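Asker: Structure below; questions to follow.
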Number of protein chains: 8
Amino acid sequence: MEKKYIDLGFAKLDKDRVKRRGNCEAIYCECKTIEQLEEIFMTLKNNGQNVIGTRASKEKYAALKKIFNNLEYNEQGRVLKLISHPIKKVGEIAICTGGTGDIPIAEEAFETAQFYGSNVKKYYDIGVAGIHRLFDKLEEIRKANVIIAVAGMEGACASIITGMVDVPVIACPTSVGYGSSFNGLAALLTMLNSCAEGMTVVNIDAGFNAGYSACQINKKICEGKREI
Amino acid sequence: MEKKYIDLGFAKLDKDRVKRRGNCEAIYCECKTIEQLEEIFMTLKNNGQNVIGTRASKEKYAALKKIFNNLEYNEQGRVLKLISHPIKKVGEIAICTGGTGDIPIAEEAFETAQFYGSNVKKYYDIGVAGIHRLFDKLEEIRKANVIIAVAGMEGACASIITGMVDVPVIACPTSVGYGSSFNGLAALLTMLNSCAEGMTVVNIDAGFNAGYSACQINKKICEGKREI
Amino acid sequence: MEKKYIDLGFAKLDKDRVKRRGNCEAIYCECKTIEQLEEIFMTLKNNGQNVIGTRASKEKYAALKKIFNNLEYNEQGRVLKLISHPIKKVGEIAICTGGTGDIPIAEEAFETAQFYGSNVKKYYDIGVAGIHRLFDKLEEIRKANVIIAVAGMEGACASIITGMVDVPVIACPTSVGYGSSFNGLAALLTMLNSCAEGMTVVNIDAGFNAGYSACQINKKICEGKREI
Amino acid sequence: MEKKYIDLGFAKLDKDRVKRRGNCEAIYCECKTIEQLEEIFMTLKNNGQNVIGTRASKEKYAALKKIFNNLEYNEQGRVLKLISHPIKKVGEIAICTGGTGDIPIAEEAFETAQFYGSNVKKYYDIGVAGIHRLFDKLEEIRKANVIIAVAGMEGACASIITGMVDVPVIACPTSVGYGSSFNGLAALLTMLNSCAEGMTVVNIDAGFNAGYSACQINKKICEGKREI
Amino acid sequence: MEKKYIDLGFAKLDKDRVKRRGNCEAIYCECKTIEQLEEIFMTLKNNGQNVIGTRASKEKYAALKKIFNNLEYNEQGRVLKLISHPIKKVGEIAICTGGTGDIPIAEEAFETAQFYGSNVKKYYDIGVAGIHRLFDKLEEIRKANVIIAVAGMEGACASIITGMVDVPVIACPTSVGYGSSFNGLAALLTMLNSCAEGMTVVNIDAGFNAGYSACQINKKICEGKREI
Amino acid sequence: MEKKYIDLGFAKLDKDRVKRRGNCEAIYCECKTIEQLEEIFMTLKNNGQNVIGTRASKEKYAALKKIFNNLEYNEQGRVLKLISHPIKKVGEIAICTGGTGDIPIAEEAFETAQFYGSNVKKYYDIGVAGIHRLFDKLEEIRKANVIIAVAGMEGACASIITGMVDVPVIACPTSVGYGSSFNGLAALLTMLNSCAEGMTVVNIDAGFNAGYSACQINKKICEGKREI
Amino acid sequence: MEKKYIDLGFAKLDKDRVKRRGNCEAIYCECKTIEQLEEIFMTLKNNGQNVIGTRASKEKYAALKKIFNNLEYNEQGRVLKLISHPIKKVGEIAICTGGTGDIPIAEEAFETAQFYGSNVKKYYDIGVAGIHRLFDKLEEIRKANVIIAVAGMEGACASIITGMVDVPVIACPTSVGYGSSFNGLAALLTMLNSCAEGMTVVNIDAGFNAGYSACQINKKICEGKREI
Amino acid sequence: MEKKYIDLGFAKLDKDRVKRRGNCEAIYCECKTIEQLEEIFMTLKNNGQNVIGTRASKEKYAALKKIFNNLEYNEQGRVLKLISHPIKKVGEIAICTGGTGDIPIAEEAFETAQFYGSNVKKYYDIGVAGIHRLFDKLEEIRKANVIIAVAGMEGACASIITGMVDVPVIACPTSVGYGSSFNGLAALLTMLNSCAEGMTVVNIDAGFNAGYSACQINKKICEGKREI
């Protein structure tokens, strides 16, 4: 029987994931050497997959670019993409940030959601210090199937948005801030304790998870589903 | 111009919420006196709404039952319901728990998801200590539009489930456990740090939020949505 | 030379405080026995002062009421007052709460601010889950010299208010909430990390401190002050 | 209708803030690139505003100085100022520090309070290890309308000062210290738990917030206000 | 060879401690049943020792009093004493508290220090909210060989005292406070981070340890010691 | 195919565990109602198994005793046992405690290790305050195949023991202590950071886990194992 | 009488450890200078011992290699070995990791377990995101005498493995992850709170301790032991 | 009246401290620039004082050495000394460390205690992993008037020492360790929760405070004191 994964020793690449989970695996680049990444990307590419790598430094991009000449890089979001097959995008996700400093995490979510098949619109720097900036965009934001709210510091804009829309909101706290923000803990707790119902939360700085989950929900909504 | 809320002084009931958010407000009973609850339930009922109250003690139920004779109570889940209009339920949500101790929070999610319009199936006590119990139910669980995974202690079953399905999973940590579970913190952190993509998280013991968010996603999937 | 305090052994009552700080001392009742409270209240009364006691249980009130028949009690706010001289009130403070559960702390602030000489208006249950309730009251709230924002759970309404007014806001987190609210820590961190400038923060459930500080600022504003 | 903000994509500059809040927006430079800062400063300058930037590194100053030749920089406080219109300063704020290490944060508060229109006097290194240094300055400090107390390590000097004055005190903890100071947490908790009434607190190292809030109160006191 | 301890199974009483450590063992009553305490007290008494028990509830005292009719009890300090031999007391320790609520812990220290052979003077309620009360007593306090500073809330009075004396100060934080005092953590951190040199710290609410350590130092000072 | 578990709805009893894991399941009684426990015990008994229940209150014991007349109860350890088949015990485990207060957790470990098939010897109250008590027992303790060290407060005795033996040590922190013991966190961290190699750690107050793991190792040692 | 240790002033090398503990001491290189390490390695070598050093940087290896030409270095695991006498290896340990990022800690455990006398097999990257990779290896893993489970992020794979085997599992959390993984705290708590019985835990990133403890148990099992 | 301090603007040097506290001030070098240090050292020197500076980097030493040619530097302990007058040393302090990594903090304590007038003996690397090393030195250590126990990781050696001597022990936790040592928190909690009476604790890595407090006690013991 054919194995459901490819065994590289240091990594076991999950061939079964597309079938089991509906999507291919993403590569977390932070703890991997350039040699390991090269071997993983090559294997997945040869296996006929599009590849996405997250938390990739500029140095890793530069080294891999020499081998994979169609490798794309979003520097702010630190995302690598090696696209062999065109990606069909459906529906719509809105990505909002509280401030300018939250943009790198929002960009990671943006790339992820697109890679896995969603259209995405961006609404950056609309946090509570100047809430009219949010209100000005609200009608547009409401049209999305899913909203991602990315915010550091006190992270309150996720609550505000959730309280004014009727679609699912995925809140992503960021480590932007200082002092008692405790590297994103303040924003995380704000979001977990929101009294605006309909918001769920991902890990601090987890742009990938926010993008993946939003994309999954968006695609399910686009498919629709018959009553069981 | 008519006000969008009813002002009781100690509370401002949100008449606009159904229109703005698609659902009516729930009443958090924990910090409210019986007198306040009576006034709130009566006002909402007279306003023609179904009413749901969460975190209601047996004592509060007993007192309110004398006034509202069709008041329903889920004792495990501590949920009150005052139903004047029948609720249409669509789609399907699966609620799983790691252990027996997580059932009260699961029941809160169960009542909430039903109240807001979803069909729900329960899969209790299928945690990682005996993982074959989960595998045995997996085909059935996979059919749901959304899965809620409720777990205390180490909270790992949310990760396991997410890693084996292609639908959104909402993880709800519970305060079940002792010692370094720190009243649910261990389970919360496990869930936030899951390497199984596609899971989002709500607050510790937040059965209501898990149920509400799952219901919202389930209903959107049932509606489907045209491409923008 | 006359002592600046009255020495009761277990307590040293600060006679100098009115002169030094502009206000008399308040009595924190939580860790004191009924006998100690009786002795303190009697001494201060005999010294010609109005007396305020905070965090006083119903039992302590009942016991002391037998001795001081003009003793007043705000049960929600757990505040005792023994008023011998009428209090002149100036200016205006607005006390807002996010929810109904925050009212006890707001009432403590309310009694404190009045006791030390401020007019106070209350705006309860105007949190972010239904933000139009806040907007509806905004014009009125803006007229105050100082605003106290009392909120538990995610505590975001303090940020929202601060972002829309041009007067000082004192944010008071409360321990209302559950799970990762960690008894008010979530709300405290939200408030400390607010990106809306012009907000300062007091301890969790510190209605007294919020009321005292707001009163002090309000009175200074009413006095005005010449340029040095 | 004219927009209340200028949309740069990565940032939405709040034109309405002066009207709504009485003061213009400050630019938090830490998470912004030099290119972003250049665009923001230029836009605000062209909009006729004075500009203040906080947490600006020497490198950012050097780069921006080439474009804006009247750009001023307080290196200790890491504050940038681009002043087109003279600033009128009123009243008086006293900024005290516990030690020499707290000076950078005090300087940030100093620049901020001046920028928004207050006179400021400095009293550095007067902490509790040699409390007579504080007593020596006390008469002078008491004359201020508002006091800012900046302290790291155990942060006790804020309590001492508050206990001896009749004006509002804004306490700003700093991350100065080591070991169980936990980057300012010790000082923050000390200040939040002060039993000297009349103190409010800002975030760790939040010199900007301390300066802004003190300035707002000082200016309100200088204006005075009629009874409502 | 004779055993250095008496083995009761559930407890092993340390007969050697007087020789090895200069003092007999104290009995921590909190986790022991009345039966266990009875057996321990009887054994130690029969072994010819004075006995001290800490953290003893009123119920435990009442039960043991029936058996040991000369048993003494300090209710505030929750200390039991069974004295068979008179105790010689030397030198002097000063015990100061920040507030009235700290007295129970101070009384535990008081009983402990006396039991192990020190004279003790008490200075209660001299915290930073009215610092002149401390100054008024300072000359007297300075005469002690060792000072114990007991304080909850922000715990700052230990720093103030240390900064003004030339004798060792043992700081004992208490759990008095609320909100972000986190059951004494705030006071503990304040004390550990004090910039007044010459202070050492014991556990939160550790009146026994404070009393024991102060007594040990006081007695060593009274003995004096030749140069080695 | 026969199911590997018995489905009671609220619980799924793991019939496969003996085969898969070598031991039957234990019942965690804390979050279960008396009705649930009755059903579980009856089912397991009828399935021919010995039953062990942990964290069972006296009330639960009393109620279940009426139904199962051979039910045994260790009150200190809060352990229920329903033994239908005699248990064969092999090898030897030594259970040590730092103090008397740690005995309840030690008793839980004791019952567990016996239930799953090990001989156990107890060495109580041999902590670091009187280390000669430990040394006196050391030769005996060293003879065990595995040692369990149960300790609260600073938890140091686990390190001391580990540093003097050549057998595996399982350290179990307890919540005995006060103040900054933070309900066992101090002891847990001590044990995790031990510089004496050969110690592993279980959760705070996890007498069951300590007993189970020690028993498993002890039995494996008794079996021995050929080289692979 | 001969001393049981060699005194180098800055270090006291434990000659007695082999006799007392069955194994020689390991050298923790992180806080030691190259000069100190050189002296320690030389002394132990001259004393006839094999030497193992942990947490050794490449720089330290390079410097020591010049002196000890048979020095071996595992760069991923940062382990130094100076082997003078061949090591006999017995039994079998299985080392599993959740992901690729956990390999450095696994390699430290691998080197340690071999150094102290165990055969070791590696199973890397078999975490819960693709659990079939674990199942595929399960039969092989089950054959080991002891299993080490190394995992960061949510650390759930240790629970899964434990729930499916009948041998002791030592769980080693790693600091791999970001955000609320809090440098390994999330994985540590997951492991401590596992509801799969038979797992014990070591410190975060403590590959050495995991390897040492596993080796000790493995060797005891290989020896077997007669009933006492 | 002459000022009790010298005002340098950024620092206020405490001339009164010798009289008030018995000792001159130490200079905390970490947050001060070389220019500030130069001015402070020169001023104190010119004021006729010996000077001690703590936490001084090699760079700061090098820069200051050019100006003060008799400046001494303990590189491990990061202590600067500028001695103009010989220091008389009395009594004896024993400084013990658990491991080699704790030496830098011990050296800071060593320099401090000598500077303020005590003889000091060092006993390094005598922690619990090889406790016989401690026992070997015990008779010698016991002769000191005061003992300083410096330890990181689990910090248990402070408890062991305290349990075996009859002199005051000052425990100083260090940040040596990794993982859940949380930069010294584990050792700090161990020490605060010690059940060996007679130990007091200073901040993590606070070699200066340990040395200062030990010296103060040692000198008081050498002076002796008549009964009051």
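Residues in the structure tokens are numbered from 1 in each chain, the chains being A, B, ... in the order shown, and ligands are numbered from 1 in the order shown.
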Run DSSP on the backbone and tell me which residues of range 19-223 of chain B come out as strand (DSSP E or B); list them as number ranges by chain.

Answerer: B: 27-28, 51-54, 72-74, 79-82, 90-97, 118-123, 146-151, 169-173, 199-201

Asker: Can you list every residue of chain B that has an atom at most 8 Å from chain A, with its nearest atom pair and the distance in Å to one decimal, using only C-alpha atoms, ordered by chain then number, as a tab-separated table?

Answerer:
residue	atom	partner	partner_atom	distance
B:Arg20	CA	A:Met164	CA	6.3
B:Arg21	CA	A:Asp166	CA	4.2
B:Gly22	CA	A:Asp166	CA	5.7
B:Val90	CA	A:Glu227	CA	6.6
B:Gly91	CA	A:Glu227	CA	5.1
B:Glu92	CA	A:Ile228	CA	7.2
B:Gly163	CA	A:Arg21	CA	7.4
B:Met164	CA	A:Arg20	CA	6.3
B:Val165	CA	A:Arg21	CA	5.4
B:Asp166	CA	A:Arg21	CA	4.2
B:Val167	CA	A:Gln216	CA	7.2
B:Pro168	CA	A:Ile217	CA	6.4
B:Ile170	CA	A:Thr200	CA	7.6
B:Leu192	CA	A:Asn203	CA	4.9
B:Asn193	CA	A:Asn203	CA	6.3
B:Glu197	CA	A:Asn209	CA	6.0
B:Gly198	CA	A:Ser213	CA	4.5
B:Met199	CA	A:Ser213	CA	6.6
B:Thr200	CA	A:Val201	CA	5.4
B:Val201	CA	A:Val201	CA	5.0
B:Val202	CA	A:Thr200	CA	5.4
B:Asn203	CA	A:Leu192	CA	4.9
B:Asn209	CA	A:Glu197	CA	6.0
B:Tyr212	CA	A:Gly198	CA	6.1
B:Ser213	CA	A:Gly198	CA	4.5
B:Gln216	CA	A:Pro168	CA	6.7
B:Ile217	CA	A:Pro168	CA	6.5
B:Lys220	CA	A:Ile221	CA	5.9
B:Ile221	CA	A:Ile221	CA	4.2
B:Cys222	CA	A:Lys225	CA	5.3
B:Glu223	CA	A:Gly224	CA	6.4
B:Gly224	CA	A:Gly224	CA	3.8
B:Lys225	CA	A:Cys222	CA	5.3
B:Arg226	CA	A:Cys222	CA	6.6
B:Glu227	CA	A:Gly91	CA	5.1
B:Ile228	CA	A:Gly91	CA	6.4

Asker: Could you give me, as a PDB file with N, CA and C atoms, in the first residue's frame, the residues within 10 Å of Leu185 in chain E, counting only C-alpha atoms and dropping anything in the same chain fewer than 5 positions from it?

Answerer:
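Produced file result39.pdb, reproduced below:
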ATOM      1  N   ALA D 186       6.587  44.992  38.281  1.00  0.00           N
ATOM      2  CA  ALA D 186       6.608  45.293  39.721  1.00  0.00           C
ATOM      3  C   ALA D 186       6.175  46.728  39.969  1.00  0.00           C
ATOM      4  N   LEU D 189       2.388  47.240  39.272  1.00  0.00           N
ATOM      5  CA  LEU D 189       1.512  46.735  40.333  1.00  0.00           C
ATOM      6  C   LEU D 189       1.593  47.622  41.577  1.00  0.00           C
ATOM      7  N   THR D 190       2.779  48.052  41.924  1.00  0.00           N
ATOM      8  CA  THR D 190       2.913  48.970  43.056  1.00  0.00           C
ATOM      9  C   THR D 190       1.985  50.161  42.875  1.00  0.00           C
TER      10      THR D 190
ATOM     11  N   GLY E 152       0.650  45.132  52.958  1.00  0.00           N
ATOM     12  CA  GLY E 152      -0.045  44.595  51.799  1.00  0.00           C
ATOM     13  C   GLY E 152      -0.189  45.677  50.745  1.00  0.00           C
ATOM     14  N   MET E 153      -1.230  45.591  49.944  1.00  0.00           N
ATOM     15  CA  MET E 153      -1.463  46.542  48.852  1.00  0.00           C
ATOM     16  C   MET E 153      -0.150  46.807  48.120  1.00  0.00           C
ATOM     17  N   GLU E 154       0.321  48.070  48.072  1.00  0.00           N
ATOM     18  CA  GLU E 154       1.554  48.299  47.302  1.00  0.00           C
ATOM     19  C   GLU E 154       2.809  48.073  48.119  1.00  0.00           C
ATOM     20  N   GLY E 155       2.705  47.843  49.415  1.00  0.00           N
ATOM     21  CA  GLY E 155       3.867  47.445  50.216  1.00  0.00           C
ATOM     22  C   GLY E 155       5.009  48.427  50.275  1.00  0.00           C
ATOM     23  N   PRO E 173       5.477  40.853  52.922  1.00  0.00           N
ATOM     24  CA  PRO E 173       4.274  41.264  52.183  1.00  0.00           C
ATOM     25  C   PRO E 173       3.048  40.521  52.710  1.00  0.00           C
ATOM     26  N   THR E 174       1.883  41.156  52.637  1.00  0.00           N
ATOM     27  CA  THR E 174       0.657  40.453  53.022  1.00  0.00           C
ATOM     28  C   THR E 174      -0.312  40.405  51.854  1.00  0.00           C
ATOM     29  N   SER E 175      -1.297  39.537  51.986  1.00  0.00           N
ATOM     30  CA  SER E 175      -2.282  39.383  50.921  1.00  0.00           C
ATOM     31  C   SER E 175      -3.418  40.396  51.041  1.00  0.00           C
ATOM     32  N   SER E 180      -5.524  43.909  41.312  1.00  0.00           N
ATOM     33  CA  SER E 180      -4.184  43.556  40.867  1.00  0.00           C
ATOM     34  C   SER E 180      -3.179  43.442  42.007  1.00  0.00           C
ATOM     35  N   THR E 190       7.102  44.645  44.982  1.00  0.00           N
ATOM     36  CA  THR E 190       7.583  45.938  45.454  1.00  0.00           C
ATOM     37  C   THR E 190       8.786  45.749  46.364  1.00  0.00           C
ATOM     38  N   MET E 191       8.651  44.833  47.286  1.00  0.00           N
ATOM     39  CA  MET E 191       9.695  44.653  48.287  1.00  0.00           C
ATOM     40  C   MET E 191      10.962  44.052  47.674  1.00  0.00           C
ATOM     41  N   ASN E 203       8.222  35.272  52.410  1.00  0.00           N
ATOM     42  CA  ASN E 203       7.030  34.920  51.631  1.00  0.00           C
ATOM     43  C   ASN E 203       5.811  35.785  52.029  1.00  0.00           C
ATOM     44  N   ILE E 204       4.857  35.864  51.161  1.00  0.00           N
ATOM     45  CA  ILE E 204       3.591  36.550  51.430  1.00  0.00           C
ATOM     46  C   ILE E 204       2.912  35.939  52.652  1.00  0.00           C
TER      47      ILE E 204
ATOM     48  N   GLY F 179       0.830  31.912  50.197  1.00  0.00           N
ATOM     49  CA  GLY F 179       1.522  33.039  49.577  1.00  0.00           C
ATOM     50  C   GLY F 179       2.069  32.673  48.213  1.00  0.00           C
ATOM     51  N   SER F 180       3.348  32.904  48.026  1.00  0.00           N
ATOM     52  CA  SER F 180       3.939  32.701  46.702  1.00  0.00           C
ATOM     53  C   SER F 180       4.183  31.238  46.364  1.00  0.00           C
ATOM     54  N   PHE F 182       1.755  29.798  45.359  1.00  0.00           N
ATOM     55  CA  PHE F 182       0.805  29.878  44.254  1.00  0.00           C
ATOM     56  C   PHE F 182       0.181  28.513  43.967  1.00  0.00           C
TER      57      PHE F 182
END

Asker: Need to verify the contact set: Glu72 in chain B, 12 Å, only C-alpha atoms, exclusion of same-chain residues closer than 2 positions in sequence. Can you return it as a VMD selection string?

Answerer: chain B and resid 50 to 54 56 58 61 to 62 64 to 66 68 to 70 74 to 75 77 to 84 111 115

Asker: Pull C-alpha atoms from the residues just selected and write them as a PDB file, in the first residue's frame.

Answerer:
ATOM      1  CA  ASN B  50     -37.649  34.685  22.251  1.00  0.00           C
ATOM      2  CA  VAL B  51     -35.289  35.014  25.230  1.00  0.00           C
ATOM      3  CA  ILE B  52     -32.149  33.084  26.159  1.00  0.00           C
ATOM      4  CA  GLY B  53     -30.329  33.491  29.491  1.00  0.00           C
ATOM      5  CA  THR B  54     -26.935  31.960  30.246  1.00  0.00           C
ATOM      6  CA  ALA B  56     -28.379  30.999  35.393  1.00  0.00           C
ATOM      7  CA  LYS B  58     -31.094  26.886  39.866  1.00  0.00           C
ATOM      8  CA  TYR B  61     -34.603  29.557  37.499  1.00  0.00           C
ATOM      9  CA  ALA B  62     -36.920  28.652  40.378  1.00  0.00           C
ATOM     10  CA  LEU B  64     -38.360  33.180  37.412  1.00  0.00           C
ATOM     11  CA  LYS B  65     -40.343  30.022  36.722  1.00  0.00           C
ATOM     12  CA  LYS B  66     -43.047  31.358  39.055  1.00  0.00           C
ATOM     13  CA  PHE B  68     -42.908  32.755  33.324  1.00  0.00           C
ATOM     14  CA  ASN B  69     -44.609  29.387  33.321  1.00  0.00           C
ATOM     15  CA  ASN B  70     -43.260  28.255  29.958  1.00  0.00           C
ATOM     16  CA  ASN B  74     -31.134  23.094  31.075  1.00  0.00           C
ATOM     17  CA  GLU B  75     -29.659  22.486  34.493  1.00  0.00           C
ATOM     18  CA  GLY B  77     -25.821  23.923  30.904  1.00  0.00           C
ATOM     19  CA  ARG B  78     -27.391  26.538  33.226  1.00  0.00           C
ATOM     20  CA  VAL B  79     -29.398  27.957  30.288  1.00  0.00           C
ATOM     21  CA  LEU B  80     -32.858  29.556  30.511  1.00  0.00           C
ATOM     22  CA  LYS B  81     -35.138  29.761  27.486  1.00  0.00           C
ATOM     23  CA  LEU B  82     -38.425  31.575  27.082  1.00  0.00           C
ATOM     24  CA  ILE B  83     -39.733  30.581  23.691  1.00  0.00           C
ATOM     25  CA  SER B  84     -42.720  32.406  22.252  1.00  0.00           C
ATOM     26  CA  GLU B 111     -28.714  25.136  23.821  1.00  0.00           C
ATOM     27  CA  PHE B 115     -31.749  28.695  20.060  1.00  0.00           C
TER      28      PHE B 115
END

Asker: Determine, counting only C-alpha atoms, which protein, DNA and RNA residues have an atom within 12 Å of an atom of Tyr5 in chain F; residues of the same chain fewer than 6 positions away are not included. Present the result as a CSV table (one decimal) with N, CA, C and O atoms, in the first residue's frame.

Answerer:
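What follows is the written file out28.csv:
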chain,number,residue,atom,x,y,z
B,125,ASP,N,-17.3,12.6,25.5
B,125,ASP,CA,-16.3,11.7,26.1
B,125,ASP,C,-15.5,10.9,25.1
B,125,ASP,O,-15.4,9.7,25.1
B,126,ILE,N,-14.9,11.6,24.1
B,126,ILE,CA,-14.1,11.0,23.1
B,126,ILE,C,-12.7,11.5,23.0
B,126,ILE,O,-12.1,11.7,22.0
B,130,GLY,N,-8.5,7.6,25.1
B,130,GLY,CA,-8.9,6.4,24.4
B,130,GLY,C,-9.4,6.9,23.0
B,130,GLY,O,-10.6,7.0,22.7
B,131,ILE,N,-8.4,7.1,22.1
B,131,ILE,CA,-8.7,7.9,20.9
B,131,ILE,C,-9.5,7.1,19.9
B,131,ILE,O,-10.1,7.6,19.0
B,132,HIS,N,-9.6,5.8,20.1
B,132,HIS,CA,-10.4,4.9,19.2
B,132,HIS,C,-11.9,5.3,19.3
B,132,HIS,O,-12.7,5.1,18.4
B,133,ARG,N,-12.3,5.9,20.5
B,133,ARG,CA,-13.7,6.3,20.6
B,133,ARG,C,-14.0,7.4,19.7
B,133,ARG,O,-15.1,7.6,19.1
B,134,LEU,N,-13.0,8.3,19.4
B,134,LEU,CA,-13.1,9.4,18.5
B,134,LEU,C,-13.2,8.8,17.1
B,134,LEU,O,-14.1,9.1,16.2
B,135,PHE,N,-12.2,7.9,16.7
B,135,PHE,CA,-12.2,7.3,15.4
B,135,PHE,C,-13.5,6.6,15.0
B,135,PHE,O,-13.9,6.7,13.9
B,136,ASP,N,-14.1,6.0,16.0
B,136,ASP,CA,-15.3,5.3,15.8
B,136,ASP,C,-16.4,6.2,15.3
B,136,ASP,O,-17.3,5.8,14.6
B,137,LYS,N,-16.4,7.4,15.8
B,137,LYS,CA,-17.4,8.4,15.4
B,137,LYS,C,-17.1,9.3,14.3
B,137,LYS,O,-17.9,10.2,13.9
F,11,ALA,N,-20.5,9.1,29.0
F,11,ALA,CA,-19.2,8.5,29.1
F,11,ALA,C,-19.1,7.3,28.2
F,11,ALA,O,-20.1,6.7,27.9
F,12,LYS,N,-17.8,7.2,27.7
F,12,LYS,CA,-17.5,6.0,26.8
F,12,LYS,C,-16.5,5.2,27.5
F,12,LYS,O,-15.3,5.6,27.5
F,13,LEU,N,-16.8,4.1,28.1
F,13,LEU,CA,-15.9,3.3,28.9
F,13,LEU,C,-15.0,2.5,28.0
F,13,LEU,O,-15.5,1.7,27.2
F,14,ASP,N,-13.7,2.5,28.3
F,14,ASP,CA,-12.7,2.0,27.4
F,14,ASP,C,-12.4,0.5,27.7
F,14,ASP,O,-11.5,0.2,28.5
F,15,LYS,N,-13.1,-0.4,27.0
F,15,LYS,CA,-12.8,-1.8,27.2
F,15,LYS,C,-11.5,-2.3,26.7
F,15,LYS,O,-10.9,-3.2,27.2
F,16,ASP,N,-11.0,-1.5,25.7
F,16,ASP,CA,-9.7,-1.9,25.0
F,16,ASP,C,-8.5,-1.6,25.8
F,16,ASP,O,-7.4,-2.0,25.5
F,17,ARG,N,-8.6,-0.8,26.9
F,17,ARG,CA,-7.5,-0.2,27.5
F,17,ARG,C,-6.5,-1.3,28.1
F,17,ARG,O,-5.3,-1.2,28.1
F,18,VAL,N,-7.1,-2.3,28.7
F,18,VAL,CA,-6.2,-3.3,29.3
F,18,VAL,C,-5.3,-3.9,28.3
F,18,VAL,O,-4.1,-4.0,28.5
F,24,CYS,N,-6.4,-1.2,33.3
F,24,CYS,CA,-7.7,-0.7,33.1
F,24,CYS,C,-7.8,0.8,33.4
F,24,CYS,O,-6.9,1.4,34.1
F,25,GLU,N,-8.8,1.4,33.0
F,25,GLU,CA,-9.1,2.9,33.2
F,25,GLU,C,-9.4,3.2,34.6
F,25,GLU,O,-10.0,2.4,35.3
F,43,THR,N,-21.3,-0.7,35.5
F,43,THR,CA,-21.0,-1.2,34.2
F,43,THR,C,-19.6,-1.9,34.2
F,43,THR,O,-19.4,-3.0,33.7
F,44,LEU,N,-18.7,-1.2,34.8
F,44,LEU,CA,-17.3,-1.8,34.9
F,44,LEU,C,-17.3,-3.1,35.7
F,44,LEU,O,-16.6,-4.1,35.3
F,47,ASN,N,-18.7,-5.8,33.8
F,47,ASN,CA,-17.7,-6.1,32.7
F,47,ASN,C,-16.6,-7.0,33.3
F,47,ASN,O,-15.6,-7.3,32.6

Asker: From the DSSP assignment of the backbone, select every residue of range 56-199 of chain H that is alpha helix (DSSP H), and format the answer as a ChimeraX atom specification.

Answerer: /H:58-65,103-115,132-142,157-162,185-192

Asker: Do you know which residues are at most 12 Å from Thr100 in chain B counting only C-alpha atoms, after dropping those on the same chain fewer than 5 positions away, and could you put them as a ChimeraX atom specification?

Answerer: /B:76,105-107,123-127,150-153,174,176-177 /F:7-13,27-33,36-37,40

Asker: Leaving out Lys88 in chain E and any residue of its chain fewer than 3 positions from it, which residues lie within 10 Å of it when counting only C-alpha atoms, given as a PyMOL selection string?

Answerer: chain E and resi 85+114-119
